[in-house]
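Undergrad: Below you'll find entry.cif; it's mmCIF, C-alpha atoms.
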```
data_input
#
loop_
_atom_site.label_atom_id
_atom_site.label_comp_id
_atom_site.auth_asym_id
_atom_site.auth_seq_id
_atom_site.Cartn_x
_atom_site.Cartn_y
_atom_site.Cartn_z
CA MET S 14 -15.21 -71.89 -62.32
CA PHE S 15 -11.72 -72.04 -60.86
CA ARG S 16 -9.80 -68.85 -60.15
CA LEU S 17 -6.54 -69.92 -58.54
CA ALA S 18 -3.23 -68.27 -57.71
CA VAL S 19 0.08 -69.10 -56.05
CA LYS S 20 2.50 -66.52 -54.69
CA THR S 21 5.62 -67.80 -56.40
CA SER S 22 7.92 -65.24 -54.77
CA THR S 23 7.50 -67.01 -51.42
CA TRP S 24 7.91 -70.51 -52.88
CA HIS S 25 11.47 -71.70 -52.40
CA PRO S 26 11.21 -75.29 -53.64
CA THR S 27 13.21 -78.06 -52.08
CA ALA S 28 14.81 -80.65 -54.33
CA GLY S 29 11.93 -83.00 -53.64
CA GLU S 30 9.28 -80.39 -54.48
CA TRP S 31 10.97 -79.29 -57.69
CA LEU S 32 11.53 -82.84 -58.91
CA ARG S 33 7.95 -83.89 -58.07
CA ALA S 34 6.70 -80.82 -59.93
CA ALA S 35 8.95 -81.65 -62.89
CA ASN S 36 7.61 -85.21 -62.97
CA THR S 37 4.04 -83.86 -63.17
CA ILE S 38 4.56 -81.96 -66.41
CA SER S 39 5.59 -83.30 -69.82
CA PRO S 40 9.19 -83.56 -71.08
CA THR S 41 8.51 -80.71 -73.51
CA GLU S 42 7.21 -78.53 -70.69
CA ARG S 43 10.21 -79.41 -68.52
CA GLU S 44 12.55 -78.37 -71.29
CA ARG S 45 10.75 -75.01 -71.64
CA VAL S 46 10.86 -74.36 -67.89
CA GLY S 47 14.54 -75.21 -67.87
CA ARG S 48 15.33 -72.55 -70.48
CA TYR S 49 14.63 -69.66 -68.13
CA MET S 50 17.71 -67.88 -66.89
CA PHE S 51 16.34 -66.87 -63.50
CA LYS S 52 14.59 -68.77 -60.72
CA ARG S 53 11.75 -66.25 -60.60
CA ASP S 54 10.78 -66.92 -64.20
CA ALA S 55 11.27 -70.69 -63.94
CA LYS S 56 9.01 -70.78 -60.87
CA HIS S 57 6.38 -68.73 -62.69
CA ALA S 58 6.45 -71.11 -65.66
CA MET S 59 6.41 -74.24 -63.52
CA MET S 60 3.62 -73.03 -61.27
CA GLY S 61 1.44 -71.97 -64.19
CA ARG S 62 1.64 -75.49 -65.58
CA LEU S 63 0.97 -77.05 -62.17
CA LEU S 64 -2.10 -74.87 -61.63
CA VAL S 65 -3.57 -75.95 -64.97
CA ARG S 66 -3.00 -79.62 -64.18
CA HIS S 67 -4.42 -79.18 -60.69
CA CYS S 68 -7.63 -77.76 -62.20
CA LEU S 69 -7.86 -80.49 -64.83
CA SER S 70 -7.28 -83.19 -62.24
CA THR S 71 -9.96 -81.74 -59.97
CA ILE S 72 -12.51 -81.53 -62.78
CA THR S 73 -11.87 -84.97 -64.31
CA SER S 74 -10.60 -86.97 -61.28
CA GLN S 75 -7.64 -88.04 -63.42
CA PRO S 76 -3.96 -87.91 -62.33
CA PRO S 77 -2.36 -84.51 -63.00
CA ASP S 78 0.41 -86.05 -65.11
CA SER S 79 -2.06 -87.82 -67.43
CA PHE S 80 -3.01 -84.79 -69.53
CA VAL S 81 -1.47 -83.81 -72.87
CA LEU S 82 -1.36 -80.05 -73.37
CA ASP S 83 -0.63 -78.40 -76.70
CA ARG S 84 -0.69 -74.93 -78.25
CA ASP S 85 -2.74 -73.67 -81.17
CA ASP S 86 -1.36 -71.60 -84.04
CA SER S 87 -1.57 -68.41 -81.98
CA GLY S 88 0.31 -70.01 -79.07
CA LYS S 89 -2.70 -70.38 -76.79
CA PRO S 90 -2.48 -73.57 -74.70
CA TYR S 91 -5.28 -76.13 -74.83
CA LEU S 92 -6.02 -79.64 -73.62
CA SER S 93 -5.20 -82.11 -76.40
CA THR S 94 -5.83 -85.38 -74.54
CA PRO S 95 -8.40 -86.23 -73.32
CA SER S 96 -10.63 -84.19 -75.61
CA LEU S 97 -13.00 -82.02 -73.58
CA PRO S 98 -14.42 -79.37 -75.94
CA SER S 99 -16.30 -77.55 -73.16
CA LEU S 100 -13.18 -77.05 -71.06
CA HIS S 101 -11.27 -73.78 -71.30
CA PHE S 102 -8.36 -72.46 -69.25
CA ASN S 103 -5.79 -69.71 -69.28
CA VAL S 104 -2.70 -68.78 -67.28
CA SER S 105 -0.80 -65.61 -66.47
CA HIS S 106 2.19 -64.81 -64.29
CA ALA S 107 3.90 -61.57 -63.34
CA GLY S 108 5.30 -59.90 -60.26
CA ASP S 109 4.85 -62.27 -57.33
CA TYR S 110 2.02 -64.44 -58.68
CA ALA S 111 1.04 -67.16 -61.10
CA VAL S 112 -2.71 -67.23 -61.83
CA CYS S 113 -4.97 -69.74 -63.59
CA VAL S 114 -8.65 -69.70 -64.56
CA CYS S 115 -10.47 -72.82 -65.73
CA ASN S 116 -14.05 -73.90 -66.40
CA ASN S 117 -15.85 -76.87 -67.93
CA SER S 118 -19.00 -74.98 -68.97
CA GLY S 119 -17.96 -74.00 -72.47
CA TRP S 120 -17.10 -70.40 -71.55
CA MET S 121 -14.02 -68.99 -73.18
CA VAL S 122 -11.73 -67.43 -70.57
CA GLY S 123 -8.58 -65.36 -70.36
CA VAL S 124 -6.60 -63.93 -67.47
CA ASP S 125 -3.86 -61.40 -66.90
CA VAL S 126 -2.03 -60.38 -63.73
CA MET S 127 0.35 -57.46 -63.28
CA LYS S 128 2.20 -55.96 -60.34
CA VAL S 129 1.43 -52.26 -59.96
CA GLU S 130 4.92 -50.81 -60.16
CA LEU S 131 6.89 -48.43 -62.31
CA ARG S 132 9.84 -49.90 -64.15
CA ARG S 133 13.25 -49.00 -62.83
CA ASN S 134 15.00 -45.90 -64.16
CA THR S 135 11.91 -44.45 -65.80
CA THR S 136 9.31 -41.81 -65.04
CA LEU S 137 5.56 -42.11 -65.30
CA GLU S 138 5.55 -39.61 -68.17
CA THR S 139 8.14 -41.58 -70.13
CA PHE S 140 6.41 -44.90 -69.44
CA PHE S 141 3.05 -43.53 -70.62
CA SER S 142 4.59 -42.01 -73.75
CA HIS S 143 5.95 -45.42 -74.77
CA MET S 144 2.49 -46.96 -74.30
CA ARG S 145 0.53 -44.15 -75.96
CA GLY S 146 -0.70 -46.24 -78.87
CA GLN S 147 -2.12 -49.04 -76.73
CA PHE S 148 -5.22 -47.18 -75.48
CA THR S 149 -8.00 -45.10 -76.99
CA PRO S 150 -8.35 -41.35 -76.24
CA PHE S 151 -11.29 -42.19 -73.93
CA GLU S 152 -9.16 -44.67 -71.98
CA TRP S 153 -6.28 -42.20 -71.67
CA ASP S 154 -8.72 -39.61 -70.33
CA THR S 155 -9.78 -42.14 -67.69
CA ILE S 156 -6.19 -43.03 -66.81
CA ASN S 157 -4.97 -39.44 -66.65
CA GLY S 158 -7.96 -38.37 -64.59
CA ALA S 159 -7.49 -41.05 -61.94
CA ASN S 160 -6.13 -40.34 -58.46
CA ASN S 161 -3.59 -43.13 -59.01
CA GLN S 162 -2.71 -43.04 -62.70
CA LEU S 163 -0.39 -46.04 -62.60
CA PHE S 164 -3.06 -48.17 -60.90
CA SER S 165 -5.62 -47.10 -63.52
CA PHE S 166 -3.13 -47.84 -66.30
CA TYR S 167 -2.65 -51.42 -65.09
CA ARG S 168 -6.41 -51.90 -64.73
CA HIS S 169 -6.81 -51.09 -68.41
CA TRP S 170 -3.76 -53.11 -69.45
CA CYS S 171 -4.88 -56.26 -67.64
CA LEU S 172 -8.37 -55.92 -69.10
CA LYS S 173 -7.01 -55.67 -72.65
CA GLU S 174 -4.64 -58.59 -72.14
CA SER S 175 -7.41 -60.76 -70.69
CA TYR S 176 -9.61 -60.01 -73.71
CA VAL S 177 -7.02 -60.83 -76.38
CA LYS S 178 -5.93 -63.94 -74.48
CA THR S 179 -9.53 -65.14 -74.45
CA ILE S 180 -9.95 -64.80 -78.20
CA GLY S 181 -6.45 -66.21 -78.75
CA THR S 182 -5.07 -63.54 -81.05
CA GLY S 183 -2.53 -61.89 -78.79
CA LEU S 184 -1.72 -58.21 -79.14
CA LYS S 185 -1.90 -58.38 -82.94
CA PHE S 186 -5.69 -57.87 -82.65
CA GLY S 187 -5.16 -54.11 -82.45
CA LEU S 188 -5.60 -52.73 -78.95
CA GLN S 189 -7.14 -49.46 -80.11
CA ARG S 190 -10.10 -51.45 -81.45
CA ILE S 191 -10.80 -52.43 -77.85
CA GLU S 192 -12.17 -49.80 -75.48
CA PHE S 193 -12.98 -50.44 -71.84
CA HIS S 194 -15.41 -48.44 -69.73
CA LEU S 195 -14.59 -49.08 -66.10
CA GLY S 196 -17.57 -50.15 -64.07
CA GLY S 197 -16.53 -48.36 -60.92
CA PRO S 198 -13.71 -47.89 -58.44
CA LEU S 199 -11.48 -50.79 -57.46
CA ASP S 200 -10.16 -50.75 -53.90
CA GLN S 201 -6.38 -50.72 -54.24
CA LYS S 202 -5.97 -52.65 -50.97
CA GLY S 203 -8.20 -55.50 -52.12
CA GLY S 204 -11.38 -55.26 -54.13
CA LEU S 205 -13.55 -56.77 -56.86
CA CYS S 206 -15.29 -55.09 -59.80
CA GLU S 207 -17.59 -57.04 -62.13
CA THR S 208 -19.36 -54.22 -63.99
CA THR S 209 -16.70 -53.08 -66.47
CA THR S 210 -17.84 -53.24 -70.11
CA VAL S 211 -16.00 -53.47 -73.44
CA LEU S 212 -16.59 -51.92 -76.85
CA ILE S 213 -15.09 -53.38 -80.02
CA ASP S 214 -14.88 -50.93 -82.91
CA GLY S 215 -17.29 -48.72 -80.95
CA VAL S 216 -19.93 -51.41 -80.35
CA ARG S 217 -20.64 -52.65 -76.83
CA GLN S 218 -20.20 -56.42 -76.44
CA VAL S 219 -23.00 -57.79 -74.25
CA ASP S 220 -21.72 -61.37 -74.11
CA TRP S 221 -18.59 -60.55 -72.10
CA VAL S 222 -18.01 -60.16 -68.37
CA PHE S 223 -14.82 -58.99 -66.69
CA GLU S 224 -13.77 -59.69 -63.13
CA GLU S 225 -11.15 -57.25 -61.85
CA ARG S 226 -9.36 -57.82 -58.57
CA SER S 227 -6.70 -55.94 -56.65
CA HIS S 228 -4.62 -58.01 -54.25
CA ASP S 229 -1.26 -57.63 -52.58
CA GLY S 230 -0.09 -54.82 -54.87
CA HIS S 231 -1.26 -56.64 -58.01
CA ILE S 232 -4.22 -56.44 -60.38
CA THR S 233 -5.81 -59.51 -61.94
CA ALA S 234 -8.40 -59.33 -64.73
CA VAL S 235 -10.46 -62.34 -65.81
CA ALA S 236 -12.36 -62.18 -69.10
CA ILE S 237 -15.28 -64.55 -69.68
CA ARG S 238 -17.19 -64.85 -72.94
CA LEU S 239 -20.70 -66.27 -72.91
CA PRO S 240 -21.58 -66.62 -76.61
CA GLY S 241 -25.15 -65.73 -77.50
CA SER S 242 -26.14 -64.54 -74.04
CA THR S 243 -25.86 -61.69 -71.61
CA TRP S 244 -24.37 -61.95 -68.16
CA GLU S 245 -26.55 -61.99 -65.07
CA GLY S 246 -25.04 -62.65 -61.67
CA THR S 247 -21.86 -64.34 -60.56
CA ILE S 248 -20.42 -67.00 -62.83
CA GLY S 249 -19.60 -70.19 -60.97
CA GLY S 250 -18.48 -70.08 -57.36
CA SER S 251 -18.02 -67.00 -55.23
CA GLY S 252 -15.86 -65.11 -57.66
CA GLU S 253 -13.01 -65.33 -55.16
CA LEU S 254 -9.41 -65.64 -56.31
CA ARG S 255 -8.14 -68.49 -54.15
CA VAL S 256 -4.48 -68.26 -53.22
CA LEU S 257 -2.99 -71.74 -52.80
CA HIS S 258 0.33 -73.13 -51.63
CA PHE S 259 2.45 -75.79 -53.28
CA SER S 260 1.20 -78.34 -50.74
CA ASP S 261 -2.40 -77.72 -51.90
CA LEU S 262 -1.75 -78.76 -55.49
CA SER S 263 -2.40 -82.10 -57.16
CA ILE S 264 1.06 -83.17 -58.31
CA SER S 265 3.00 -86.37 -58.85
CA GLY S 266 4.02 -88.26 -55.73
CA VAL S 267 7.16 -89.50 -57.49
CA GLU S 268 10.26 -87.38 -58.02
CA LEU S 269 11.86 -87.00 -61.44
CA GLY S 270 14.89 -89.29 -61.56
CA ASP S 271 17.18 -86.59 -62.94
CA ARG S 272 18.66 -84.76 -59.92
CA ASP S 273 20.54 -82.43 -62.28
CA TYR S 274 17.23 -80.83 -63.18
CA PHE S 275 17.04 -79.40 -59.67
CA ASP S 276 20.74 -78.61 -59.39
CA VAL S 277 20.66 -76.49 -62.55
CA PHE S 278 17.58 -74.64 -61.29
CA HIS S 279 19.05 -74.15 -57.81
CA ALA S 280 22.25 -72.61 -59.21
CA LYS S 281 20.37 -69.81 -60.98
CA LYS S 282 19.97 -66.30 -59.62
CA GLU S 283 16.52 -65.42 -58.33
CA PHE S 284 16.13 -62.47 -60.72
CA PRO S 285 18.24 -60.01 -62.75
CA GLY S 286 20.38 -57.41 -61.05
#
```
Rewrite the structure from the file as structure tokens, please.

TA:
Amino acid sequence: MFRLAVKTSTWHPTAGEWLRAANTISPTERERVGRYMFKRDAKHAMMGRLLVRHCLSTITSQPPDSFVLDRDDSGKPYLSTPSLPSLHFNVSHAGDYAVCVCNNSGWMVGVDVMKVELRRNTTLETFFSHMRGQFTPFEWDTINGANNQLFSFYRHWCLKESYVKTIGTGLKFGLQRIEFHLGGPLDQKGGLCETTTVLIDGVRQVDWVFEERSHDGHITAVAIRLPGSTWEGTIGGSGELRVLHFSDLSISGVELGDRDYFDVFHAKKEFPG
């Protein structure tokens, strides 16, 4: 299974890189990337799409620009052409990173990444009060009892996001139906936890595994569903989240012929403020 990331905050694309990237994705995807007001968000969106195509190209040995991606009724992306029913992937981006997970073993997967930071002009108490309805009383007890409450909050948030992204319902599923029991501590300077469990409506789900990672001030949670079975051991590969660079990706060798596509991107501010 692929677990890949790119640190988009350190990617400052040249005209050639941006136009090659744009030529790798579809016209519809290019239009969506172009809508973003800030470079940070456009880079996140572009890199998420490039990571998916890199994974698909590696698995199938087909060119990265040959795939047709679509979205289902809930907005979850999937591979439309060619049809590979056993292939599942998911993407997330926040903070400094874009992250992608992908497998061709029939396992449903979801991923979420968040930077561990408090929003500007707010306090921890105010932030938590706004999010009160997103966690169960048990989860709030765990968060409030942690040495680093904000870190614990984002552990739980990423886990919930990864779950609902796997099943494709989004947050409308009802987050209080989902309760996570953390499997153990997660080293804030870089660690991995694979023993966290989930209860849905109070019933433990034995066919799910969650991989939690802390890295570079961020938390990433990967959810993997193995229908009809229980998890034993590491699922595919070392479990490592591989951080790649633009030069590592499978992308088109030909630049998009529309230079304006880069000029419009280049003229944008990096982020708000």

Undergrad: Please enclose the listed atoms of region 44-47 of chain S in an axis-aligned box, pad each side by 3 Å, and write out the centre and the three edge lengths in Å, rounded to one decimal, as AutoDock Vina command-line options.

TA:
```
--center_x 12.6 --center_y -76.4 --center_z -69.8 --size_x 9.8 --size_y 10.0 --size_z 9.8
```

Undergrad: Return as an MDAnalysis selection string the set of residues that the PyMOL selection byres ((chain S and resi 37) around 7) yields on the displayed structure.

TA: chainID S and resid 33:36 38:39 77:78 264:265

Undergrad: So how many Å separate CA of Val129 (chain S) and CA of Leu257 (chain S), to one decimal?

TA: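 Going from CA of Val129 (chain S) over to CA of Leu257 (chain S), I get 21.2 Å.
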
Undergrad: Kindly indicate which residue among S:Glu30, S:Glu42, S:Asp83, S:Glu130 lies nearest to Gly61 (chain S), using only C-alpha atoms for the distances.

TA: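 Of the candidates, the smallest distance to Gly61 (chain S) is held by S:Glu42.
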
Undergrad: So, counting all atoms listed in the file, which residue among S:Met144, S:Val267, S:Val112, S:Leu188 is closest to Ala234 (chain S)?

TA: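 Ranking S:Met144, S:Val267, S:Val112, S:Leu188 by distance to Ala234 (chain S), first place goes to S:Val112.
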
Undergrad: Which residue gives the smallest distance to Asn103 (chain S) among S:His258, S:Lys185, S:Lys178, S:His57, with only C-alpha atoms counted?

TA: S:Lys178

Undergrad: What's around Gly187 (chain S) at 10 Å? Count only C-alpha atoms, leave out sequence neighbours fewer than 4 positions away in its own chain, and write the answer as a ChimeraX atom specification.

TA: /S:146-148,177,182-183,191
